[in-house]
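Text of protein.txt (compact mmCIF, N, CA and C atoms) as supplied:
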```
# COMPACT_ATOMS: atom_id res chain seq x y z
N MET A 1 23.54 -35.39 -29.44
CA MET A 1 24.39 -35.37 -28.26
C MET A 1 25.81 -35.70 -28.67
N CYS A 2 26.68 -35.17 -27.91
CA CYS A 2 28.08 -35.45 -28.19
C CYS A 2 28.67 -36.25 -27.03
N ASN A 3 29.87 -36.66 -27.24
CA ASN A 3 30.51 -37.49 -26.22
C ASN A 3 31.02 -36.68 -25.04
N ASN A 4 31.00 -35.38 -25.19
CA ASN A 4 31.45 -34.52 -24.11
C ASN A 4 30.34 -34.42 -23.07
N ILE A 5 30.54 -35.04 -21.95
CA ILE A 5 29.49 -35.11 -20.93
C ILE A 5 29.15 -33.73 -20.38
N ARG A 6 30.09 -32.84 -20.25
CA ARG A 6 29.81 -31.50 -19.75
C ARG A 6 28.86 -30.75 -20.69
N ALA A 7 28.97 -30.96 -21.96
CA ALA A 7 28.11 -30.28 -22.93
C ALA A 7 26.70 -30.85 -22.91
N ASN A 8 26.53 -32.09 -22.44
CA ASN A 8 25.22 -32.72 -22.40
C ASN A 8 24.37 -32.26 -21.21
N ILE A 9 24.98 -31.64 -20.25
CA ILE A 9 24.25 -31.22 -19.05
C ILE A 9 23.48 -29.94 -19.38
N LEU A 10 22.19 -29.99 -19.12
CA LEU A 10 21.35 -28.81 -19.32
C LEU A 10 21.41 -27.96 -18.07
N LYS A 11 21.70 -26.72 -18.27
CA LYS A 11 21.78 -25.82 -17.13
C LYS A 11 20.64 -24.82 -17.22
N LYS A 12 19.92 -24.76 -16.16
CA LYS A 12 18.83 -23.79 -16.08
C LYS A 12 19.37 -22.52 -15.45
N PRO A 13 19.27 -21.40 -16.16
CA PRO A 13 19.80 -20.16 -15.56
C PRO A 13 18.97 -19.76 -14.33
N GLN A 14 19.67 -19.37 -13.30
CA GLN A 14 18.99 -18.98 -12.08
C GLN A 14 18.54 -17.53 -12.20
N VAL A 15 17.27 -17.33 -11.93
CA VAL A 15 16.69 -15.99 -12.00
C VAL A 15 16.54 -15.47 -10.58
N LYS A 16 17.06 -14.26 -10.36
CA LYS A 16 16.91 -13.66 -9.05
C LYS A 16 15.49 -13.17 -8.89
N GLU A 17 14.87 -13.55 -7.81
CA GLU A 17 13.51 -13.11 -7.53
C GLU A 17 13.56 -11.74 -6.86
N VAL A 18 12.82 -10.81 -7.43
CA VAL A 18 12.79 -9.46 -6.88
C VAL A 18 11.75 -9.41 -5.76
N VAL A 19 12.18 -9.01 -4.60
CA VAL A 19 11.29 -8.91 -3.45
C VAL A 19 10.94 -7.44 -3.25
N LYS A 20 9.66 -7.14 -3.33
CA LYS A 20 9.21 -5.77 -3.10
C LYS A 20 8.59 -5.71 -1.71
N ASP A 21 9.40 -5.31 -0.74
CA ASP A 21 8.89 -5.25 0.61
C ASP A 21 8.74 -3.83 1.12
N LYS A 22 9.19 -2.85 0.36
CA LYS A 22 9.02 -1.46 0.74
C LYS A 22 7.79 -0.89 0.04
N ILE A 23 7.13 0.03 0.67
CA ILE A 23 5.96 0.67 0.07
C ILE A 23 6.38 1.47 -1.16
N THR A 24 7.55 2.09 -1.10
CA THR A 24 8.00 2.91 -2.23
C THR A 24 8.24 2.08 -3.49
N ASP A 25 8.46 0.78 -3.35
CA ASP A 25 8.60 -0.09 -4.52
C ASP A 25 7.30 -0.22 -5.29
N TRP A 26 6.18 -0.02 -4.63
CA TRP A 26 4.86 -0.21 -5.24
C TRP A 26 4.18 1.09 -5.66
N ILE A 27 4.77 2.23 -5.35
CA ILE A 27 4.14 3.50 -5.70
C ILE A 27 4.22 3.70 -7.22
N GLU A 28 3.07 3.93 -7.81
CA GLU A 28 2.99 4.15 -9.25
C GLU A 28 2.96 5.65 -9.53
N ASP A 29 3.35 6.00 -10.73
CA ASP A 29 3.38 7.41 -11.11
C ASP A 29 2.07 7.75 -11.82
N ARG A 30 1.15 8.35 -11.10
CA ARG A 30 -0.13 8.78 -11.65
C ARG A 30 -0.24 10.29 -11.47
N PRO A 31 -1.06 10.93 -12.30
CA PRO A 31 -1.24 12.38 -12.12
C PRO A 31 -1.93 12.68 -10.79
N ASN A 32 -1.55 13.78 -10.17
CA ASN A 32 -2.14 14.17 -8.89
C ASN A 32 -3.57 14.66 -9.09
N LEU A 33 -4.46 14.23 -8.21
CA LEU A 33 -5.83 14.72 -8.24
C LEU A 33 -5.87 16.06 -7.49
N THR A 34 -6.60 17.01 -8.03
CA THR A 34 -6.65 18.33 -7.40
C THR A 34 -7.31 18.29 -6.03
N ALA A 35 -8.25 17.38 -5.84
CA ALA A 35 -8.93 17.27 -4.55
C ALA A 35 -7.97 16.82 -3.45
N ASN A 36 -6.92 16.09 -3.81
CA ASN A 36 -5.98 15.60 -2.80
C ASN A 36 -5.10 16.71 -2.24
N GLY A 37 -4.88 17.76 -3.01
CA GLY A 37 -4.11 18.90 -2.49
C GLY A 37 -4.83 19.55 -1.33
N LYS A 38 -6.13 19.74 -1.47
CA LYS A 38 -6.94 20.33 -0.39
C LYS A 38 -7.00 19.37 0.80
N ALA A 39 -7.15 18.07 0.51
CA ALA A 39 -7.22 17.08 1.59
C ALA A 39 -5.93 17.05 2.40
N LYS A 40 -4.80 17.13 1.73
CA LYS A 40 -3.51 17.10 2.44
C LYS A 40 -3.27 18.37 3.24
N ARG A 41 -3.77 19.50 2.76
CA ARG A 41 -3.63 20.76 3.52
C ARG A 41 -4.51 20.77 4.77
N ASN A 42 -5.68 20.14 4.70
CA ASN A 42 -6.63 20.19 5.81
C ASN A 42 -6.58 18.95 6.72
N LYS A 43 -5.61 18.09 6.55
CA LYS A 43 -5.55 16.87 7.37
C LYS A 43 -5.09 17.17 8.79
N VAL A 44 -5.47 16.29 9.69
CA VAL A 44 -5.02 16.35 11.07
C VAL A 44 -4.14 15.12 11.27
N GLN A 45 -2.87 15.35 11.62
CA GLN A 45 -1.94 14.24 11.73
C GLN A 45 -1.36 14.14 13.11
N GLY A 46 -1.39 12.92 13.64
CA GLY A 46 -0.75 12.63 14.92
C GLY A 46 0.37 11.63 14.69
N GLU A 47 0.87 11.07 15.76
CA GLU A 47 1.96 10.11 15.64
C GLU A 47 1.48 8.78 15.04
N THR A 48 0.24 8.39 15.34
CA THR A 48 -0.27 7.10 14.86
C THR A 48 -1.49 7.21 13.97
N TYR A 49 -1.83 8.40 13.51
CA TYR A 49 -3.02 8.54 12.67
C TYR A 49 -2.93 9.75 11.75
N ILE A 50 -3.68 9.67 10.66
CA ILE A 50 -3.96 10.81 9.79
C ILE A 50 -5.46 10.82 9.60
N SER A 51 -6.09 11.94 9.88
CA SER A 51 -7.53 12.07 9.74
C SER A 51 -7.82 13.23 8.78
N TYR A 52 -8.72 13.00 7.86
CA TYR A 52 -9.07 14.01 6.87
C TYR A 52 -10.42 14.62 7.23
N GLU A 53 -10.59 15.91 6.95
CA GLU A 53 -11.86 16.58 7.21
C GLU A 53 -12.96 15.92 6.38
N SER A 54 -14.19 15.97 6.89
CA SER A 54 -15.30 15.30 6.20
C SER A 54 -15.58 15.91 4.83
N GLY A 55 -15.28 17.17 4.63
CA GLY A 55 -15.54 17.81 3.35
C GLY A 55 -14.44 17.60 2.33
N SER A 56 -13.28 17.13 2.77
CA SER A 56 -12.18 16.94 1.82
C SER A 56 -11.36 15.69 2.17
N PRO A 57 -11.89 14.50 1.86
CA PRO A 57 -11.13 13.28 2.10
C PRO A 57 -10.09 13.06 1.01
N LEU A 58 -9.13 12.21 1.29
CA LEU A 58 -8.15 11.81 0.29
C LEU A 58 -8.85 10.91 -0.72
N LYS A 59 -8.65 11.14 -2.01
CA LYS A 59 -9.34 10.35 -3.03
C LYS A 59 -8.37 9.48 -3.80
N LEU A 60 -8.80 8.24 -4.05
CA LEU A 60 -8.06 7.36 -4.93
C LEU A 60 -8.53 7.62 -6.36
N HIS A 61 -7.86 7.05 -7.33
CA HIS A 61 -8.15 7.35 -8.72
C HIS A 61 -9.45 6.73 -9.23
N ASP A 62 -10.06 5.82 -8.48
CA ASP A 62 -11.36 5.28 -8.89
C ASP A 62 -12.51 5.99 -8.17
N GLY A 63 -12.21 6.99 -7.36
CA GLY A 63 -13.24 7.75 -6.66
C GLY A 63 -13.46 7.34 -5.22
N THR A 64 -12.78 6.32 -4.75
CA THR A 64 -12.88 5.90 -3.36
C THR A 64 -12.32 6.99 -2.46
N ARG A 65 -13.02 7.28 -1.37
CA ARG A 65 -12.60 8.33 -0.44
C ARG A 65 -12.00 7.70 0.82
N VAL A 66 -10.83 8.20 1.20
CA VAL A 66 -10.15 7.74 2.42
C VAL A 66 -10.40 8.79 3.50
N HIS A 67 -11.00 8.37 4.62
CA HIS A 67 -11.30 9.31 5.69
C HIS A 67 -10.25 9.31 6.79
N SER A 68 -9.59 8.17 7.01
CA SER A 68 -8.52 8.16 8.02
C SER A 68 -7.59 6.98 7.80
N ILE A 69 -6.37 7.16 8.26
CA ILE A 69 -5.35 6.11 8.27
C ILE A 69 -4.83 6.04 9.69
N LYS A 70 -4.96 4.87 10.32
CA LYS A 70 -4.51 4.70 11.70
C LYS A 70 -3.55 3.52 11.77
N THR A 71 -2.68 3.52 12.74
CA THR A 71 -1.78 2.40 12.95
C THR A 71 -1.90 1.90 14.39
N LYS A 72 -1.73 0.61 14.52
CA LYS A 72 -1.75 -0.02 15.83
C LYS A 72 -0.55 -0.96 15.90
N LYS A 73 0.26 -0.82 16.93
CA LYS A 73 1.46 -1.63 17.07
C LYS A 73 1.10 -3.08 17.41
N ILE A 74 1.65 -4.02 16.64
CA ILE A 74 1.46 -5.44 16.93
C ILE A 74 2.60 -5.93 17.82
N ASP A 75 3.83 -5.71 17.37
CA ASP A 75 5.03 -6.01 18.16
C ASP A 75 6.14 -5.07 17.70
N ASP A 76 7.37 -5.38 18.07
CA ASP A 76 8.48 -4.48 17.71
C ASP A 76 8.76 -4.45 16.22
N GLU A 77 8.35 -5.49 15.49
CA GLU A 77 8.67 -5.57 14.07
C GLU A 77 7.52 -5.16 13.16
N PHE A 78 6.27 -5.37 13.59
CA PHE A 78 5.12 -5.14 12.72
C PHE A 78 4.08 -4.21 13.36
N LYS A 79 3.24 -3.63 12.50
CA LYS A 79 2.11 -2.84 12.95
C LYS A 79 0.93 -3.12 12.02
N GLU A 80 -0.25 -2.83 12.52
CA GLU A 80 -1.46 -2.98 11.72
C GLU A 80 -1.90 -1.60 11.26
N VAL A 81 -2.19 -1.48 9.97
CA VAL A 81 -2.65 -0.22 9.40
C VAL A 81 -4.15 -0.35 9.16
N ILE A 82 -4.92 0.57 9.69
CA ILE A 82 -6.38 0.56 9.56
C ILE A 82 -6.78 1.75 8.70
N ILE A 83 -7.39 1.47 7.55
CA ILE A 83 -7.78 2.52 6.60
C ILE A 83 -9.29 2.54 6.52
N GLU A 84 -9.89 3.68 6.84
CA GLU A 84 -11.35 3.82 6.76
C GLU A 84 -11.69 4.50 5.44
N ILE A 85 -12.51 3.81 4.63
CA ILE A 85 -12.81 4.28 3.28
C ILE A 85 -14.31 4.28 3.03
N VAL A 86 -14.72 5.01 1.98
CA VAL A 86 -16.08 4.97 1.48
C VAL A 86 -15.97 4.81 -0.04
N PHE A 87 -16.59 3.75 -0.57
CA PHE A 87 -16.56 3.50 -2.00
C PHE A 87 -17.39 4.55 -2.75
N PRO A 88 -17.11 4.75 -4.05
CA PRO A 88 -17.90 5.72 -4.82
C PRO A 88 -19.38 5.33 -4.85
N ASN A 89 -20.24 6.32 -4.82
CA ASN A 89 -21.69 6.14 -4.86
C ASN A 89 -22.23 5.37 -3.65
N GLU A 90 -21.51 5.38 -2.55
CA GLU A 90 -21.97 4.76 -1.30
C GLU A 90 -21.80 5.76 -0.17
N SER A 91 -22.47 5.50 0.93
CA SER A 91 -22.29 6.34 2.11
C SER A 91 -21.82 5.52 3.32
N LYS A 92 -21.80 4.19 3.18
CA LYS A 92 -21.37 3.32 4.27
C LYS A 92 -19.84 3.27 4.32
N GLU A 93 -19.29 3.42 5.52
CA GLU A 93 -17.85 3.40 5.70
C GLU A 93 -17.36 1.97 5.88
N HIS A 94 -16.28 1.63 5.21
CA HIS A 94 -15.66 0.30 5.29
C HIS A 94 -14.28 0.44 5.90
N THR A 95 -13.79 -0.64 6.48
CA THR A 95 -12.47 -0.65 7.10
C THR A 95 -11.60 -1.69 6.41
N VAL A 96 -10.39 -1.28 6.04
CA VAL A 96 -9.40 -2.18 5.44
C VAL A 96 -8.23 -2.27 6.41
N ARG A 97 -7.82 -3.49 6.73
CA ARG A 97 -6.71 -3.70 7.66
C ARG A 97 -5.58 -4.42 6.93
N ILE A 98 -4.37 -3.88 7.05
CA ILE A 98 -3.21 -4.51 6.45
C ILE A 98 -2.08 -4.56 7.48
N LYS A 99 -1.16 -5.48 7.28
CA LYS A 99 -0.01 -5.63 8.16
C LYS A 99 1.21 -5.05 7.45
N ARG A 100 1.96 -4.19 8.16
CA ARG A 100 3.16 -3.57 7.61
C ARG A 100 4.28 -3.60 8.65
N TYR A 101 5.48 -3.23 8.20
CA TYR A 101 6.61 -3.13 9.11
C TYR A 101 6.44 -1.94 10.03
N ALA A 102 7.00 -2.04 11.22
CA ALA A 102 6.83 -0.99 12.23
C ALA A 102 7.50 0.32 11.84
N ASP A 103 8.52 0.27 10.99
CA ASP A 103 9.23 1.50 10.64
C ASP A 103 8.66 2.21 9.41
N ASP A 104 7.57 1.71 8.81
CA ASP A 104 6.93 2.40 7.69
C ASP A 104 6.23 3.66 8.19
N SER A 105 6.39 4.75 7.46
CA SER A 105 5.82 6.01 7.91
C SER A 105 4.41 6.21 7.37
N LEU A 106 3.63 7.01 8.06
CA LEU A 106 2.27 7.35 7.62
C LEU A 106 2.30 8.16 6.33
N ASP A 107 3.30 9.01 6.15
CA ASP A 107 3.38 9.81 4.94
C ASP A 107 3.60 8.94 3.71
N THR A 108 4.39 7.89 3.84
CA THR A 108 4.61 6.96 2.73
C THR A 108 3.32 6.21 2.41
N LEU A 109 2.59 5.80 3.44
CA LEU A 109 1.30 5.14 3.22
C LEU A 109 0.32 6.08 2.53
N GLU A 110 0.32 7.34 2.94
CA GLU A 110 -0.56 8.32 2.31
C GLU A 110 -0.19 8.51 0.84
N GLU A 111 1.09 8.58 0.55
CA GLU A 111 1.53 8.74 -0.83
C GLU A 111 1.15 7.54 -1.68
N PHE A 112 1.27 6.33 -1.11
CA PHE A 112 0.87 5.12 -1.82
C PHE A 112 -0.62 5.16 -2.15
N LEU A 113 -1.44 5.52 -1.17
CA LEU A 113 -2.88 5.57 -1.39
C LEU A 113 -3.24 6.66 -2.40
N GLU A 114 -2.56 7.77 -2.34
CA GLU A 114 -2.84 8.88 -3.27
C GLU A 114 -2.59 8.48 -4.72
N ASN A 115 -1.62 7.60 -4.95
CA ASN A 115 -1.28 7.16 -6.29
C ASN A 115 -1.90 5.81 -6.66
N SER A 116 -2.77 5.27 -5.81
CA SER A 116 -3.40 3.98 -6.09
C SER A 116 -4.62 4.13 -6.98
N GLN A 117 -4.82 3.15 -7.84
CA GLN A 117 -6.01 3.13 -8.68
C GLN A 117 -7.23 2.80 -7.84
N SER A 118 -7.10 1.81 -6.94
CA SER A 118 -8.21 1.42 -6.08
C SER A 118 -7.66 0.92 -4.75
N ILE A 119 -8.56 0.73 -3.81
CA ILE A 119 -8.15 0.26 -2.47
C ILE A 119 -7.65 -1.18 -2.52
N PHE A 120 -7.99 -1.90 -3.56
CA PHE A 120 -7.58 -3.29 -3.67
C PHE A 120 -6.09 -3.43 -3.96
N GLN A 121 -5.42 -2.34 -4.29
CA GLN A 121 -3.97 -2.36 -4.47
C GLN A 121 -3.24 -2.47 -3.13
N THR A 122 -3.93 -2.31 -2.03
CA THR A 122 -3.27 -2.44 -0.72
C THR A 122 -2.80 -3.87 -0.49
N ARG A 123 -3.36 -4.82 -1.21
CA ARG A 123 -2.88 -6.20 -1.04
C ARG A 123 -1.45 -6.36 -1.54
N ASN A 124 -0.97 -5.44 -2.40
CA ASN A 124 0.43 -5.47 -2.85
C ASN A 124 1.38 -5.21 -1.68
N ILE A 125 0.99 -4.35 -0.76
CA ILE A 125 1.87 -4.01 0.35
C ILE A 125 1.52 -4.74 1.64
N ASP A 126 0.43 -5.54 1.63
CA ASP A 126 0.01 -6.26 2.82
C ASP A 126 0.92 -7.47 3.03
N LEU A 127 1.53 -7.56 4.19
CA LEU A 127 2.42 -8.67 4.49
C LEU A 127 1.66 -9.98 4.79
N ASN A 128 0.36 -9.88 5.08
CA ASN A 128 -0.43 -11.09 5.31
C ASN A 128 -0.92 -11.72 4.01
N TYR A 129 -0.95 -10.94 2.94
CA TYR A 129 -1.50 -11.41 1.67
C TYR A 129 -0.46 -12.25 0.95
N ASP A 130 -0.87 -13.43 0.52
CA ASP A 130 0.07 -14.31 -0.23
C ASP A 130 -0.33 -14.41 -1.66
```
Show how you would write the structure in this file as structure tokens.
Amino acid sequence: MCNNIRANILKKPQVKEVVKDKITDWIEDRPNLTANGKAKRNKVQGETYISYESGSPLKLHDGTRVHSIKTKKIDDEFKEVIIEIVFPNESKEHTVRIKRYADDSLDTLEEFLENSQSIFQTRNIDLNYD
């Protein structure tokens, strides 16, 4: 140590924390599955839902099939996204619910799911998940 008191002070550099609150921040670059092209052409889309035909669901990269994506308004700021899925080698339908901002579009959610490895990646965009 030296007698210069300013030099003796340890300074911890402040690191800016990156906040990923947009869905597009979490979209990964994966190759497109050929089955998803057919699923996107045959989908039925409304203002609050996307429904896929039973013969051509949207597929994740682990083989999980997405049959529908629905939204339900919670308040002016948030909405609940309800995703109906079927895991590979199963026939029972499961429901995944996540909380998102009200201005997130269904197309962005669809793109996120299309590029997801598994349905468990939805916790990255879920505002309830800590």
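Distance-wise, atom CA of Lys79 of chain A and atom C of Asp126 of chain A end up 11.0 Å apart.
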Query raised in the report: Can you list, as a PyMOL selection string, every protein, DNA or RNA residue that comes within 6.5 Å of segment 45-51 of chain A when you count only N, CA and C atoms, leaving out same-chain residues fewer than 5 positions away?
Result: chain A and resi 67-71
Query - Residue neighbourhood segment 108-118 of chain A, 5 Å, all atoms listed in the file, exclusion window fewer than 3 positions, as a VMD selection string - result: chain A and resid 61 to 62 105 121
Requested in this report: Counting only C-alpha atoms, figure out which residue out of A:Trp26, A:Phe87, A:Tyr52, A:Phe78 gets nearest to Arg100 of chain A.
Outcome: A:Phe78
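Each of A:Ala35, A:Ile74, A:Ala102, A:Val44 was compared to Pro57 of chain A using all atoms listed in the file, and A:Ala35 turns out to be the nearest.
Taking only C-alpha atoms into account, Lys43 of chain A lies nearest to A:Ser56 out of the set A:Ile83, A:Asn128, A:Ser56, A:Val15.
Shortest separation to Glu84 of chain A among A:Thr64, A:Asn32, A:Asn42, A:Gln14 occurs at residue A:Thr64, atoms counted being only C-alpha atoms.
Among the candidates A:Leu58, A:Leu127, A:Val66, A:Ile98, the one nearest to Glu80 of chain A when counting only C-alpha atoms is A:Ile98.
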Name the residues of chain A that come out as helix (DSSP H, G or I) in a backbone DSSP run; write them as a compact mmCIF listing (two decimals) with N, CA and C atoms, in the frame of the given file.
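Contents of the output file result.txt:
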```
# COMPACT_ATOMS: atom_id res chain seq x y z
N ILE A 5 30.54 -35.04 -21.95
CA ILE A 5 29.49 -35.11 -20.93
C ILE A 5 29.15 -33.73 -20.38
N ARG A 6 30.09 -32.84 -20.25
CA ARG A 6 29.81 -31.50 -19.75
C ARG A 6 28.86 -30.75 -20.69
N ALA A 7 28.97 -30.96 -21.96
CA ALA A 7 28.11 -30.28 -22.93
C ALA A 7 26.70 -30.85 -22.91
N ASN A 8 26.53 -32.09 -22.44
CA ASN A 8 25.22 -32.72 -22.40
C ASN A 8 24.37 -32.26 -21.21
N ILE A 23 7.13 0.03 0.67
CA ILE A 23 5.96 0.67 0.07
C ILE A 23 6.38 1.47 -1.16
N THR A 24 7.55 2.09 -1.10
CA THR A 24 8.00 2.91 -2.23
C THR A 24 8.24 2.08 -3.49
N ASP A 25 8.46 0.78 -3.35
CA ASP A 25 8.60 -0.09 -4.52
C ASP A 25 7.30 -0.22 -5.29
N THR A 34 -6.60 17.01 -8.03
CA THR A 34 -6.65 18.33 -7.40
C THR A 34 -7.31 18.29 -6.03
N ALA A 35 -8.25 17.38 -5.84
CA ALA A 35 -8.93 17.27 -4.55
C ALA A 35 -7.97 16.82 -3.45
N ASN A 36 -6.92 16.09 -3.81
CA ASN A 36 -5.98 15.60 -2.80
C ASN A 36 -5.10 16.71 -2.24
N GLY A 37 -4.88 17.76 -3.01
CA GLY A 37 -4.11 18.90 -2.49
C GLY A 37 -4.83 19.55 -1.33
N LYS A 38 -6.13 19.74 -1.47
CA LYS A 38 -6.94 20.33 -0.39
C LYS A 38 -7.00 19.37 0.80
N ALA A 39 -7.15 18.07 0.51
CA ALA A 39 -7.22 17.08 1.59
C ALA A 39 -5.93 17.05 2.40
N LYS A 40 -4.80 17.13 1.73
CA LYS A 40 -3.51 17.10 2.44
C LYS A 40 -3.27 18.37 3.24
N ARG A 41 -3.77 19.50 2.76
CA ARG A 41 -3.63 20.76 3.52
C ARG A 41 -4.51 20.77 4.77
N LEU A 106 3.63 7.01 8.06
CA LEU A 106 2.27 7.35 7.62
C LEU A 106 2.30 8.16 6.33
N ASP A 107 3.30 9.01 6.15
CA ASP A 107 3.38 9.81 4.94
C ASP A 107 3.60 8.94 3.71
N THR A 108 4.39 7.89 3.84
CA THR A 108 4.61 6.96 2.73
C THR A 108 3.32 6.21 2.41
N LEU A 109 2.59 5.80 3.44
CA LEU A 109 1.30 5.14 3.22
C LEU A 109 0.32 6.08 2.53
N GLU A 110 0.32 7.34 2.94
CA GLU A 110 -0.56 8.32 2.31
C GLU A 110 -0.19 8.51 0.84
N GLU A 111 1.09 8.58 0.55
CA GLU A 111 1.53 8.74 -0.83
C GLU A 111 1.15 7.54 -1.68
N PHE A 112 1.27 6.33 -1.11
CA PHE A 112 0.87 5.12 -1.82
C PHE A 112 -0.62 5.16 -2.15
N LEU A 113 -1.44 5.52 -1.17
CA LEU A 113 -2.88 5.57 -1.39
C LEU A 113 -3.24 6.66 -2.40
N GLU A 114 -2.56 7.77 -2.34
CA GLU A 114 -2.84 8.88 -3.27
C GLU A 114 -2.59 8.48 -4.72
N ILE A 119 -8.56 0.73 -3.81
CA ILE A 119 -8.15 0.26 -2.47
C ILE A 119 -7.65 -1.18 -2.52
N PHE A 120 -7.99 -1.90 -3.56
CA PHE A 120 -7.58 -3.29 -3.67
C PHE A 120 -6.09 -3.43 -3.96
N GLN A 121 -5.42 -2.34 -4.29
CA GLN A 121 -3.97 -2.36 -4.47
C GLN A 121 -3.24 -2.47 -3.13
N THR A 122 -3.93 -2.31 -2.03
CA THR A 122 -3.27 -2.44 -0.72
C THR A 122 -2.80 -3.87 -0.49
N ARG A 123 -3.36 -4.82 -1.21
CA ARG A 123 -2.88 -6.20 -1.04
C ARG A 123 -1.45 -6.36 -1.54
N ASN A 124 -0.97 -5.44 -2.40
CA ASN A 124 0.43 -5.47 -2.85
C ASN A 124 1.38 -5.21 -1.68
N ILE A 125 0.99 -4.35 -0.76
CA ILE A 125 1.87 -4.01 0.35
C ILE A 125 1.52 -4.74 1.64
```
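Between atom CA of Thr122 of chain A and atom C of Arg97 of chain A lies a distance of 8.2 Å.
Using only C-alpha atoms, the nearest neighbour of Thr95 of chain A within the list A:Asp76, A:Leu60, A:Asp29, A:Arg65 is A:Arg65.
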Report task. Taking the DSSP assignment computed from this structure's backbone, write out as number ranges by chain all residues of chain A that belong to strand (DSSP E). Result -> A: 44-45, 49-51, 58-59, 65-73, 78-86, 94-101
